[in-house]
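Containing compact mmCIF, C-alpha atoms and all ligand atoms: coords_13.txt.
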```
# COMPACT_ATOMS: atom_id res chain seq x y z
CA MET A 1 -227.31 -56.87 129.49
CA LYS A 2 -224.32 -59.14 130.12
CA ALA A 3 -221.42 -58.23 132.40
CA ALA A 4 -218.47 -60.17 133.77
CA LEU A 5 -218.10 -60.15 137.54
CA LEU A 6 -214.96 -61.02 139.43
CA VAL A 7 -216.57 -63.08 142.20
CA GLU A 8 -213.36 -64.05 144.00
CA PRO A 9 -209.74 -64.54 142.90
CA GLY A 10 -209.67 -66.99 140.00
CA ARG A 11 -213.46 -66.96 139.51
CA ILE A 12 -215.28 -64.92 136.86
CA GLU A 13 -219.00 -65.20 136.17
CA VAL A 14 -220.93 -63.61 133.31
CA ARG A 15 -224.31 -62.46 134.63
CA GLU A 16 -227.35 -60.54 133.46
CA VAL A 17 -227.30 -57.11 135.11
CA PRO A 18 -229.55 -54.06 134.70
CA ASP A 19 -228.78 -51.79 131.76
CA PRO A 20 -226.79 -48.72 132.83
CA VAL A 21 -228.42 -45.31 132.78
CA ALA A 22 -226.53 -42.19 131.69
CA GLY A 23 -226.19 -39.77 134.61
CA PRO A 24 -226.39 -35.99 134.24
CA GLY A 25 -223.64 -34.88 131.85
CA GLY A 26 -222.54 -38.46 131.31
CA LEU A 27 -223.11 -41.05 128.62
CA VAL A 28 -223.51 -44.75 128.05
CA LEU A 29 -221.07 -46.58 125.80
CA GLU A 30 -221.99 -49.54 123.66
CA VAL A 31 -218.81 -51.51 124.32
CA GLU A 32 -216.93 -52.73 121.26
CA TRP A 33 -213.72 -53.83 122.95
CA ALA A 34 -212.44 -53.91 126.51
CA GLY A 35 -208.75 -54.52 127.26
CA THR A 36 -207.19 -56.75 129.89
CA THR A 37 -204.44 -55.09 131.92
CA GLY A 38 -201.83 -56.15 134.46
CA THR A 39 -204.08 -54.72 137.17
CA ASP A 40 -206.97 -56.95 136.05
CA LEU A 41 -204.61 -59.93 136.07
CA LYS A 42 -203.44 -59.11 139.60
CA ALA A 43 -207.09 -58.84 140.69
CA PHE A 44 -207.86 -62.21 139.07
CA ARG A 45 -204.81 -63.79 140.67
CA ARG A 46 -205.03 -62.53 144.24
CA GLY A 47 -207.58 -59.71 144.49
CA HIS A 48 -206.79 -56.02 144.28
CA PRO A 49 -207.40 -53.26 146.84
CA LYS A 50 -208.92 -50.99 144.17
CA ILE A 51 -211.23 -53.66 142.65
CA PRO A 52 -213.98 -54.76 145.07
CA MET A 53 -215.19 -58.37 144.88
CA PRO A 54 -217.65 -59.58 143.95
CA GLY A 55 -218.00 -56.82 141.41
CA ARG A 56 -217.75 -55.69 137.83
CA PHE A 57 -214.28 -55.03 136.54
CA GLY A 58 -212.36 -54.06 133.44
CA HIS A 59 -211.26 -50.49 132.88
CA GLU A 60 -210.03 -50.13 129.31
CA VAL A 61 -212.83 -49.58 126.87
CA VAL A 62 -213.52 -48.51 123.31
CA GLY A 63 -217.11 -48.18 122.19
CA ARG A 64 -219.82 -46.26 120.41
CA VAL A 65 -221.67 -43.45 122.13
CA GLY A 66 -225.15 -44.66 123.06
CA ALA A 67 -227.53 -42.82 125.36
CA LEU A 68 -226.59 -39.31 126.51
CA GLY A 69 -227.39 -38.08 130.02
CA GLU A 70 -229.26 -34.87 130.72
CA GLY A 71 -227.10 -31.89 129.78
CA ALA A 72 -224.41 -34.01 128.05
CA SER A 73 -223.28 -32.24 124.94
CA GLY A 74 -220.57 -32.54 122.31
CA TRP A 75 -221.21 -36.21 121.58
CA THR A 76 -223.11 -37.80 118.73
CA PRO A 77 -224.71 -41.19 119.28
CA GLY A 78 -222.88 -43.81 117.25
CA GLU A 79 -219.46 -42.15 117.20
CA ARG A 80 -216.52 -44.20 118.43
CA VAL A 81 -214.77 -43.03 121.59
CA ILE A 82 -212.35 -44.22 124.19
CA ALA A 83 -213.17 -43.39 127.81
CA LEU A 84 -210.50 -43.65 130.50
CA HIS A 85 -211.43 -45.10 133.88
CA SER A 86 -210.99 -42.21 136.29
CA SER A 87 -210.87 -38.47 136.39
CA PRO A 88 -209.15 -36.14 138.85
CA CYS A 89 -211.39 -34.14 141.19
CA GLY A 90 -209.52 -30.90 140.43
CA ARG A 91 -210.07 -29.60 143.97
CA CYS A 92 -207.89 -31.59 146.39
CA PRO A 93 -204.32 -30.44 147.28
CA PRO A 94 -202.57 -32.88 144.86
CA CYS A 95 -204.91 -31.84 142.03
CA ARG A 96 -204.30 -28.15 142.79
CA ARG A 97 -200.54 -28.82 142.66
CA GLY A 98 -200.97 -30.39 139.22
CA GLN A 99 -200.32 -33.92 140.54
CA THR A 100 -203.75 -35.09 139.43
CA ASN A 101 -202.50 -38.67 139.20
CA LEU A 102 -202.32 -38.59 143.01
CA CYS A 103 -205.83 -37.17 143.49
CA ASP A 104 -207.03 -37.78 147.06
CA ASP A 105 -210.32 -39.09 145.65
CA PHE A 106 -208.74 -41.40 143.06
CA GLU A 107 -210.31 -44.60 144.36
CA LYS A 108 -213.79 -43.10 144.74
CA ARG A 109 -213.71 -41.91 141.15
CA LEU A 110 -212.79 -45.16 139.42
CA ASN A 111 -215.19 -46.32 136.72
CA LEU A 112 -214.96 -50.10 136.53
CA GLY A 113 -217.05 -52.55 134.52
CA ALA A 114 -215.70 -52.48 130.96
CA PHE A 115 -216.13 -56.25 130.61
CA ALA A 116 -219.78 -55.86 129.68
CA SER A 117 -222.09 -54.95 126.80
CA ARG A 118 -222.54 -51.38 128.01
CA LEU A 119 -220.78 -49.02 130.39
CA ALA A 120 -221.97 -45.77 131.93
CA VAL A 121 -219.36 -43.00 131.76
CA PRO A 122 -219.81 -40.33 134.44
CA ALA A 123 -219.83 -36.63 133.57
CA ASP A 124 -216.28 -35.85 134.75
CA ILE A 125 -214.77 -38.64 132.67
CA ALA A 126 -216.96 -37.71 129.69
CA ARG A 127 -215.67 -34.14 129.96
CA VAL A 128 -211.94 -34.68 130.68
CA TYR A 129 -210.95 -38.18 129.70
CA THR A 130 -213.16 -39.29 126.79
CA PHE A 131 -211.76 -38.97 123.27
CA ARG A 132 -213.07 -39.51 119.77
CA VAL A 133 -211.18 -42.26 117.97
CA PRO A 134 -210.14 -40.92 114.56
CA ALA A 135 -211.47 -42.93 111.61
CA HIS A 136 -207.96 -44.07 110.57
CA VAL A 137 -207.19 -45.56 114.01
CA PRO A 138 -208.22 -49.21 114.44
CA PRO A 139 -210.41 -49.47 117.57
CA ARG A 140 -208.20 -52.19 119.08
CA ARG A 141 -205.24 -49.80 118.84
CA ALA A 142 -207.17 -47.16 120.76
CA LEU A 143 -207.45 -49.65 123.64
CA PHE A 144 -203.80 -48.89 124.42
CA LEU A 145 -204.38 -45.24 125.32
CA GLN A 146 -204.54 -45.87 129.06
CA SER A 147 -201.40 -48.03 129.16
CA LEU A 148 -199.53 -45.63 126.94
CA SER A 149 -200.53 -42.68 129.15
CA CYS A 150 -199.03 -44.53 132.15
CA VAL A 151 -195.84 -45.09 130.16
CA VAL A 152 -195.61 -41.45 129.05
CA HIS A 153 -196.00 -40.39 132.69
CA SER A 154 -193.45 -42.94 133.84
CA LEU A 155 -190.86 -41.79 131.30
CA SER A 156 -191.51 -38.14 132.15
CA ARG A 157 -190.35 -39.02 135.68
CA LEU A 158 -187.18 -40.71 134.31
CA ARG A 159 -186.19 -37.73 132.13
CA LEU A 160 -184.21 -39.66 129.55
CA GLU A 161 -181.59 -37.83 127.56
CA LYS A 162 -180.77 -38.63 123.95
CA GLY A 163 -178.31 -41.48 123.65
CA GLU A 164 -178.75 -42.77 127.19
CA ARG A 165 -178.60 -46.53 127.57
CA VAL A 166 -181.71 -47.99 129.15
CA LEU A 167 -182.40 -51.52 130.28
CA VAL A 168 -186.09 -52.48 130.42
CA GLN A 169 -186.75 -55.53 132.59
CA GLY A 170 -189.88 -57.49 131.65
CA ILE A 171 -191.16 -57.92 128.12
CA GLY A 172 -194.90 -57.66 128.59
CA CYS A 173 -197.12 -55.00 127.07
CA LEU A 174 -195.95 -52.28 129.41
CA GLY A 175 -192.28 -53.20 129.08
CA LEU A 176 -192.61 -53.08 125.29
CA LEU A 177 -194.43 -49.74 125.39
CA HIS A 178 -191.68 -48.32 127.61
CA ALA A 179 -189.09 -49.58 125.13
CA LEU A 180 -190.91 -48.11 122.12
CA VAL A 181 -191.43 -44.68 123.71
CA ALA A 182 -187.89 -44.57 125.15
CA ARG A 183 -186.61 -45.29 121.64
CA LEU A 184 -188.79 -42.47 120.27
CA GLN A 185 -187.12 -40.24 122.86
CA GLY A 186 -183.69 -41.15 121.50
CA ALA A 187 -182.56 -43.68 124.09
CA GLN A 188 -180.63 -46.85 123.30
CA VAL A 189 -182.83 -49.62 124.63
CA LEU A 190 -181.95 -53.12 125.79
CA LEU A 191 -184.69 -55.48 126.97
CA ALA A 192 -184.44 -58.41 129.35
CA ALA A 193 -186.84 -61.24 130.11
CA ARG A 194 -186.91 -64.92 130.97
CA ARG A 195 -189.05 -66.30 128.16
CA PRO A 196 -187.37 -66.89 124.79
CA GLU A 197 -190.63 -66.13 122.93
CA ARG A 198 -190.81 -62.71 124.60
CA ARG A 199 -187.21 -61.95 123.68
CA ALA A 200 -188.02 -63.01 120.12
CA LEU A 201 -190.95 -60.58 120.12
CA ALA A 202 -188.68 -57.75 121.28
CA GLU A 203 -186.19 -58.62 118.54
CA LYS A 204 -188.99 -58.59 115.99
CA LEU A 205 -189.62 -54.98 117.03
CA GLY A 206 -185.96 -54.21 116.36
CA PHE A 207 -184.68 -54.28 119.94
CA GLU A 208 -181.70 -56.04 121.39
CA ALA A 209 -182.97 -58.47 124.01
CA VAL A 210 -181.14 -60.58 126.58
CA GLU A 211 -182.10 -63.30 129.02
CA VAL A 212 -181.96 -63.08 132.79
CA ASP A 213 -180.19 -65.53 135.09
CA ASP A 214 -181.79 -67.50 137.94
CA GLY A 215 -181.54 -64.46 140.21
CA GLY A 216 -183.49 -62.33 137.71
CA LEU A 217 -180.35 -60.39 136.71
CA ALA A 218 -179.98 -59.42 133.05
CA ARG A 219 -177.05 -61.01 131.21
CA LEU A 220 -175.64 -57.74 129.88
CA PRO A 221 -173.73 -57.71 126.59
CA GLY A 222 -169.96 -57.18 126.97
CA ARG A 223 -170.01 -53.46 126.13
CA PHE A 224 -171.88 -52.82 129.42
CA GLY A 225 -168.90 -54.08 131.45
CA ALA A 226 -169.61 -55.36 134.93
CA ARG A 227 -173.17 -55.26 136.25
CA GLY A 228 -173.48 -52.18 138.44
CA GLY A 229 -170.16 -50.85 137.09
CA SER A 230 -169.47 -47.54 135.42
CA GLU A 231 -170.31 -48.88 131.93
CA ALA A 232 -173.62 -50.42 133.05
CA PRO A 233 -176.96 -48.95 131.87
CA ASP A 234 -177.68 -45.30 132.73
CA ALA A 235 -181.20 -46.25 133.71
CA VAL A 236 -183.08 -49.45 134.48
CA ILE A 237 -186.85 -49.61 134.16
CA ASP A 238 -188.48 -52.49 135.99
CA ALA A 239 -191.67 -53.53 134.27
CA ALA A 240 -191.51 -57.08 135.62
CA GLY A 241 -192.79 -56.14 139.07
CA THR A 242 -191.26 -58.86 141.24
CA LEU A 243 -189.05 -58.62 144.32
CA PRO A 244 -186.04 -60.17 142.49
CA SER A 245 -186.56 -57.81 139.54
CA TRP A 246 -186.67 -54.74 141.83
CA GLN A 247 -183.43 -55.85 143.45
CA ALA A 248 -181.89 -56.72 140.10
CA ALA A 249 -182.64 -53.20 138.84
CA VAL A 250 -180.77 -51.64 141.79
CA ALA A 251 -177.87 -54.06 141.33
CA THR A 252 -177.57 -53.49 137.58
CA VAL A 253 -177.70 -49.73 137.01
CA ARG A 254 -174.46 -47.73 136.84
CA PRO A 255 -173.30 -45.54 139.76
CA GLY A 256 -175.13 -42.22 139.46
CA GLY A 257 -177.87 -43.90 137.45
CA ARG A 258 -181.63 -44.07 137.88
CA VAL A 259 -183.97 -46.94 138.60
CA LEU A 260 -187.62 -46.59 137.70
CA PHE A 261 -189.97 -48.98 139.47
CA PHE A 262 -192.95 -49.28 137.14
CA GLY A 263 -194.32 -52.68 138.14
CA GLY A 264 -195.67 -52.67 141.70
CA LEU A 265 -195.34 -55.45 144.28
CA PRO A 266 -197.99 -57.00 146.55
CA ALA A 267 -198.58 -54.78 149.61
CA SER A 268 -197.31 -57.53 151.93
CA VAL A 269 -193.82 -57.53 150.36
CA SER A 270 -190.95 -55.64 152.01
CA VAL A 271 -187.96 -54.78 149.85
CA PRO A 272 -184.51 -55.21 151.41
CA LEU A 273 -182.47 -52.31 150.07
CA ASP A 274 -178.75 -52.42 149.25
CA HIS A 275 -178.42 -49.08 151.00
CA PRO A 276 -174.63 -48.66 150.76
CA ARG A 277 -174.94 -48.97 146.99
CA VAL A 278 -177.97 -46.68 146.74
CA HIS A 279 -176.43 -44.12 149.10
CA TYR A 280 -172.73 -44.02 148.23
CA GLN A 281 -173.26 -44.55 144.52
CA GLU A 282 -176.05 -42.00 144.23
CA ILE A 283 -178.62 -44.34 142.70
CA ASP A 284 -181.88 -42.47 142.19
CA LEU A 285 -184.96 -44.60 142.92
CA ILE A 286 -187.94 -43.26 141.00
CA ASN A 287 -191.55 -44.36 141.26
CA THR A 288 -194.54 -43.72 139.09
CA PHE A 289 -198.30 -44.03 139.32
CA HIS A 290 -201.05 -43.43 136.78
CA TYR A 291 -201.02 -40.31 134.54
CA THR A 292 -202.13 -36.69 134.24
CA PRO A 293 -204.13 -34.98 131.44
CA LYS A 294 -200.81 -33.76 129.99
CA ASP A 295 -199.57 -37.37 129.72
CA VAL A 296 -202.83 -38.48 128.12
CA SER A 297 -202.57 -35.70 125.59
CA ALA A 298 -199.01 -36.77 124.68
CA ALA A 299 -200.07 -40.42 124.53
CA THR A 300 -203.02 -39.56 122.28
CA LYS A 301 -200.64 -37.89 119.87
CA ILE A 302 -198.25 -40.86 119.82
CA LEU A 303 -201.04 -43.42 119.42
CA PHE A 304 -203.29 -41.57 116.98
CA GLU A 305 -200.63 -39.82 114.87
CA GLY A 306 -197.60 -42.11 115.14
CA ASN A 307 -196.85 -45.47 113.64
CA LEU A 308 -196.97 -47.72 116.71
CA GLU A 309 -199.14 -50.73 116.01
CA PRO A 310 -199.48 -52.34 119.45
CA GLU A 311 -202.75 -53.96 118.41
CA ARG A 312 -200.53 -56.60 116.80
CA TRP A 313 -199.81 -57.92 120.31
CA LEU A 314 -203.48 -58.48 121.13
CA SER A 315 -205.34 -61.74 121.29
CA ASP A 316 -209.11 -61.55 120.88
CA THR A 317 -211.77 -63.13 123.03
CA ASP A 318 -215.29 -62.48 124.31
CA LEU A 319 -216.99 -62.24 127.69
CA GLY A 320 -217.87 -65.92 127.80
CA GLN A 321 -214.21 -66.89 127.38
CA LEU A 322 -212.79 -64.30 129.78
CA ALA A 323 -211.77 -66.70 132.57
CA GLY A 324 -209.84 -68.80 130.04
CA ALA A 325 -208.17 -65.65 128.71
CA PHE A 326 -206.93 -64.74 132.19
CA ALA A 327 -205.58 -68.27 132.59
CA GLU A 328 -203.61 -67.75 129.36
CA LEU A 329 -202.29 -64.40 130.63
CA GLU A 330 -201.36 -66.02 133.95
CA ALA A 331 -199.43 -68.71 132.08
CA GLY A 332 -197.63 -66.05 130.01
CA ARG A 333 -199.05 -67.41 126.75
CA ALA A 334 -200.70 -64.09 125.81
CA LEU A 335 -199.71 -60.44 126.29
CA LYS A 336 -203.10 -58.78 126.38
CA TYR A 337 -206.66 -59.51 125.28
CA ALA A 338 -209.21 -57.43 123.46
CA VAL A 339 -212.54 -58.59 124.86
CA SER A 340 -215.73 -58.16 122.85
CA PRO A 341 -219.12 -58.39 124.56
CA GLY A 342 -219.97 -61.33 122.27
CA THR A 343 -223.52 -62.30 121.41
ZN ZN B 1 -208.16 -34.46 143.37
```
Structure re-expressed in structure tokens:
Amino acid sequence: MKAALLVEPGRIEVREVPDPVAGPGGLVLEVEWAGTTGTDLKAFRRGHPKIPMPGRFGHEVVGRVGALGEGASGWTPGERVIALHSSPCGRCPPCRRGQTNLCDDFEKRLNLGAFASRLAVPADIARVYTFRVPAHVPPRRALFLQSLSCVVHSLSRLRLEKGERVLVQGIGCLGLLHALVARLQGAQVLLAARRPERRALAEKLGFEAVEVDDGGLARLPGRFGARGGSEAPDAVIDAAGTLPSWQAAVATVRPGGRVLFFGGLPASVSVPLDHPRVHYQEIDLINTFHYTPKDVSAATKILFEGNLEPERWLSDTDLGQLAGAFAELEAGRALKYAVSPGT
């Protein structure tokens, strides 16, 4: 079968690889669509500590159940499912505390390789993190379950209250999902980004959107008063993931407000902190990583029962065009791709 390998940063090759075999309790998916994520883009751009090279990659997948492993039950060949890319071990101290997103074995339990014709899903993921896609849900919409689960987890850490004013920095897929879910939770959302076409997209979704200045600081509408002042946003979510955007978030939020760092920075980057502001103005700095089964369950409900239609943001491609698709993502000309195995 065909699979895309990330050989080195910037270089993807589609190769013939052996067909996967379903392990005990696991299954093999016939891939229909795989999704590109910000993590894949980072790996393509500069490598990623959790994605070995050269190696198969891609970790968002919707497909039909193919072969079942010995002892696998509850699945019917041919039915459409979405399988997430990791499962908590359930035994380590973080898992026992309920912080399964911080599982000590997280990296060992990743299931990469969605950019391919088929993907083996191990037993633990088949049991905990594989879901039937209801007939009324378009398969490309189901691709968003993983991203939406991260966003649900992220917002659970922020604990928004109804009516709070939130600035979301960065209008990519994850920034938009944060904005949509924060709005569902009753927040007043303002978005900020550099590119006019991204601001136009946010406005099309009914959001107020502003540009940022050369320092990455949002140009706040007048009702927010001075940046960092008492009328400034109650919370700032950084989904842009750059050093200037992290600093802008701290500089923009109101005293007593919260900053949520969603977009991570390269490991080599140190962040100078405006500590008098953070300390004397009681700015809470909140971080977030991954999701727990509870978040996935909430995200499933939103995606499968609600009226979000994030599949409208997708561009389509196939394995053979994957390198070109990443170049488009890198240039900011696409938000996210749905990748079919092709012929
Ligand atoms: Zn664990």
Quiz prompt | A:Val189, A:Ile237, A:Leu145, A:Leu112 ranked by distance to A:Gly163, top pick (using all atoms listed in the file) | solution =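 Checking each of A:Val189, A:Ile237, A:Leu145, A:Leu112 against A:Gly163, counting all atoms listed in the file, the winner is A:Val189.
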Exercise. Just the residues within 10 Å of A:Arg46, please, counting only C-alpha atoms, with nothing from its chain fewer than 3 positions along; format it as a list in words.
Key: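 Everything that qualifies: Glu8, Pro9, Gly10, Leu41, Lys42, Ala43, Pro49 and Pro266 of chain A.
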Given only C-alpha atoms and all ligand atoms, how would the per-residue table for chain A near ligand ZN 1 (chain B) read, listing every residue at most 9 Å away with its closest atom pair and distance in Å to one decimal, sorted by chain and number, as a Markdown table?
```
| residue | atom | partner | partner_atom | distance |
| --- | --- | --- | --- | --- |
| A:Ser87 | CA | B:ZN1 | ZN | 8.5 |
| A:Pro88 | CA | B:ZN1 | ZN | 4.9 |
| A:Cys89 | CA | B:ZN1 | ZN | 3.9 |
| A:Gly90 | CA | B:ZN1 | ZN | 4.8 |
| A:Arg91 | CA | B:ZN1 | ZN | 5.3 |
| A:Cys92 | CA | B:ZN1 | ZN | 4.2 |
| A:Pro93 | CA | B:ZN1 | ZN | 6.8 |
| A:Pro94 | CA | B:ZN1 | ZN | 6.0 |
| A:Cys95 | CA | B:ZN1 | ZN | 4.4 |
| A:Arg96 | CA | B:ZN1 | ZN | 7.4 |
| A:Gln99 | CA | B:ZN1 | ZN | 8.4 |
| A:Thr100 | CA | B:ZN1 | ZN | 5.9 |
| A:Asn101 | CA | B:ZN1 | ZN | 8.2 |
| A:Leu102 | CA | B:ZN1 | ZN | 7.2 |
| A:Cys103 | CA | B:ZN1 | ZN | 3.6 |
| A:Asp104 | CA | B:ZN1 | ZN | 5.1 |
| A:Asp105 | CA | B:ZN1 | ZN | 5.6 |
| A:Phe106 | CA | B:ZN1 | ZN | 7.0 |
```
Self-check item: Two-atom distance - atom CA of A:Arg15, atom CA of A:Val133 (Å)
Solution: 29.3 Å
Self-check item: Between atom CA of A:Leu265 and atom CA of A:Arg312, distance in Å (one decimal)
Solution: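 It comes out at 28.0 Å.
Separating atom CA of A:Val339 from atom CA of A:Pro77 is a distance of 22.0 Å.
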Quiz item: Hey, what's within 12 Å of A:Ala182 if we count only C-alpha atoms and toss same-chain stuff fewer than 2 positions away? As a count of residues only, please?
Solution: 37
Quiz item: Between A:Thr317, A:Arg227, A:Thr292, A:Ala4, which is the closest to A:Arg97 once you count all atoms listed in the file?
Solution: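 Ranking A:Thr317, A:Arg227, A:Thr292, A:Ala4 by distance to A:Arg97, first place goes to A:Thr292.
Among the candidate residues A:Arg183, A:Glu330, A:Val137, A:Gly25, the one lying nearest to A:Asp124 is A:Gly25, with distances computed using only C-alpha atoms.
Distances here use only C-alpha atoms; by that measure, the residue among A:Gly264, A:Pro24, A:Gly256, A:Pro134 closest to A:Gly228 is A:Gly256.
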Self-check item: Residue contacts of A:Val28 (6 Å, only C-alpha atoms) excluding same-chain residues fewer than 4 positions away, as a list in words
Solution: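 The contact residues come out as Ala22, Gly66, Ala67, Leu119, Ala120 and Val121 of chain A.
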Writing out the chosen residues with C-alpha atoms as a PDB file, in the coordinates of the input:
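Saved to part.pdb:
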```pdb
ATOM      1  CA  ALA A  22    -226.530 -42.190 131.690  1.00  0.00           C
ATOM      2  CA  GLY A  66    -225.150 -44.660 123.060  1.00  0.00           C
ATOM      3  CA  ALA A  67    -227.530 -42.820 125.360  1.00  0.00           C
ATOM      4  CA  LEU A 119    -220.780 -49.020 130.390  1.00  0.00           C
ATOM      5  CA  ALA A 120    -221.970 -45.770 131.930  1.00  0.00           C
ATOM      6  CA  VAL A 121    -219.360 -43.000 131.760  1.00  0.00           C
TER       7      VAL A 121
END
```
Practice problem: List the neighbours of A:Glu311 out to 9 Å using only C-alpha atoms; skip same-chain residues closer than 6 positions along the sequence, and give me the result as a PyMOL selection string. | Solution: chain A and resi 138-144+338
Practice problem: Using only C-alpha atoms, find the one residue out of A:Ala83, A:Leu110, A:Ala232, A:Ala135 that sits nearest to A:Phe304. | Solution: A:Ala135
Practice problem: Please provide as a ChimeraX atom specification all residues within 8 Å of A:Leu217, with the sequence filter that same-chain residues fewer than 5 positions apart are discarded (counting all atoms listed in the file). | Solution: /A:212,245,248-249,252
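Distances here use all atoms listed in the file; by that measure, the residue among A:Val21, A:Leu303, A:Leu201, A:Leu314 closest to A:His136 is A:Leu303.
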How about completing stretch 119-140 of chain A with N, CA and C atoms and giving it to me as an mmCIF file, keeping the file's coordinate frame?
```cif
data_model
loop_
_atom_site.group_PDB
_atom_site.id
_atom_site.type_symbol
_atom_site.label_atom_id
_atom_site.label_comp_id
_atom_site.auth_asym_id
_atom_site.auth_seq_id
_atom_site.Cartn_x
_atom_site.Cartn_y
_atom_site.Cartn_z
ATOM 1 N N LEU A 119 -221.446 -49.625 129.217
ATOM 2 C CA LEU A 119 -220.780 -49.020 130.390
ATOM 3 C C LEU A 119 -221.208 -47.573 130.500
ATOM 4 N N ALA A 120 -221.645 -47.186 131.689
ATOM 5 C CA ALA A 120 -221.970 -45.770 131.930
ATOM 6 C C ALA A 120 -220.678 -45.011 132.186
ATOM 7 N N VAL A 121 -220.539 -43.861 131.565
ATOM 8 C CA VAL A 121 -219.360 -43.000 131.760
ATOM 9 C C VAL A 121 -219.840 -41.743 132.493
ATOM 10 N N PRO A 122 -219.336 -41.508 133.707
ATOM 11 C CA PRO A 122 -219.810 -40.330 134.440
ATOM 12 C C PRO A 122 -219.371 -39.017 133.798
ATOM 13 N N ALA A 123 -220.030 -37.936 134.216
ATOM 14 C CA ALA A 123 -219.830 -36.630 133.570
ATOM 15 C C ALA A 123 -218.368 -36.192 133.554
ATOM 16 N N ASP A 124 -217.670 -36.343 134.694
ATOM 17 C CA ASP A 124 -216.280 -35.850 134.750
ATOM 18 C C ASP A 124 -215.386 -36.572 133.751
ATOM 19 N N ILE A 125 -215.592 -37.882 133.628
ATOM 20 C CA ILE A 125 -214.770 -38.640 132.670
ATOM 21 C C ILE A 125 -215.184 -38.274 131.245
ATOM 22 N N ALA A 126 -216.491 -38.099 131.034
ATOM 23 C CA ALA A 126 -216.960 -37.710 129.690
ATOM 24 C C ALA A 126 -216.344 -36.369 129.284
ATOM 25 N N ARG A 127 -216.179 -35.485 130.269
ATOM 26 C CA ARG A 127 -215.670 -34.140 129.960
ATOM 27 C C ARG A 127 -214.147 -34.119 129.780
ATOM 28 N N VAL A 128 -213.408 -34.809 130.653
ATOM 29 C CA VAL A 128 -211.940 -34.680 130.680
ATOM 30 C C VAL A 128 -211.226 -35.809 129.950
ATOM 31 N N TYR A 129 -211.729 -37.015 130.096
ATOM 32 C CA TYR A 129 -210.950 -38.180 129.700
ATOM 33 C C TYR A 129 -211.702 -39.091 128.709
ATOM 34 N N THR A 130 -212.520 -38.507 127.856
ATOM 35 C CA THR A 130 -213.160 -39.290 126.790
ATOM 36 C C THR A 130 -212.766 -38.657 125.458
ATOM 37 N N PHE A 131 -212.325 -39.486 124.526
ATOM 38 C CA PHE A 131 -211.760 -38.970 123.270
ATOM 39 C C PHE A 131 -212.383 -39.671 122.077
ATOM 40 N N ARG A 132 -212.631 -38.901 121.031
ATOM 41 C CA ARG A 132 -213.070 -39.510 119.770
ATOM 42 C C ARG A 132 -211.914 -40.324 119.196
ATOM 43 N N VAL A 133 -212.205 -41.473 118.643
ATOM 44 C CA VAL A 133 -211.180 -42.260 117.970
ATOM 45 C C VAL A 133 -211.224 -41.873 116.497
ATOM 46 N N PRO A 134 -210.126 -41.312 115.966
ATOM 47 C CA PRO A 134 -210.140 -40.920 114.560
ATOM 48 C C PRO A 134 -210.426 -42.124 113.651
ATOM 49 N N ALA A 135 -211.036 -41.852 112.495
ATOM 50 C CA ALA A 135 -211.470 -42.930 111.610
ATOM 51 C C ALA A 135 -210.304 -43.822 111.168
ATOM 52 N N HIS A 136 -209.083 -43.251 111.068
ATOM 53 C CA HIS A 136 -207.960 -44.070 110.570
ATOM 54 C C HIS A 136 -207.349 -44.948 111.662
ATOM 55 N N VAL A 137 -207.778 -44.779 112.909
ATOM 56 C CA VAL A 137 -207.190 -45.560 114.010
ATOM 57 C C VAL A 137 -208.047 -46.803 114.268
ATOM 58 N N PRO A 138 -207.451 -48.007 114.140
ATOM 59 C CA PRO A 138 -208.220 -49.210 114.440
ATOM 60 C C PRO A 138 -208.666 -49.188 115.910
ATOM 61 N N PRO A 139 -209.915 -49.568 116.183
ATOM 62 C CA PRO A 139 -210.410 -49.470 117.570
ATOM 63 C C PRO A 139 -209.568 -50.266 118.564
ATOM 64 N N ARG A 140 -209.011 -51.405 118.147
ATOM 65 C CA ARG A 140 -208.200 -52.190 119.080
ATOM 66 C C ARG A 140 -206.896 -51.473 119.412
#
```
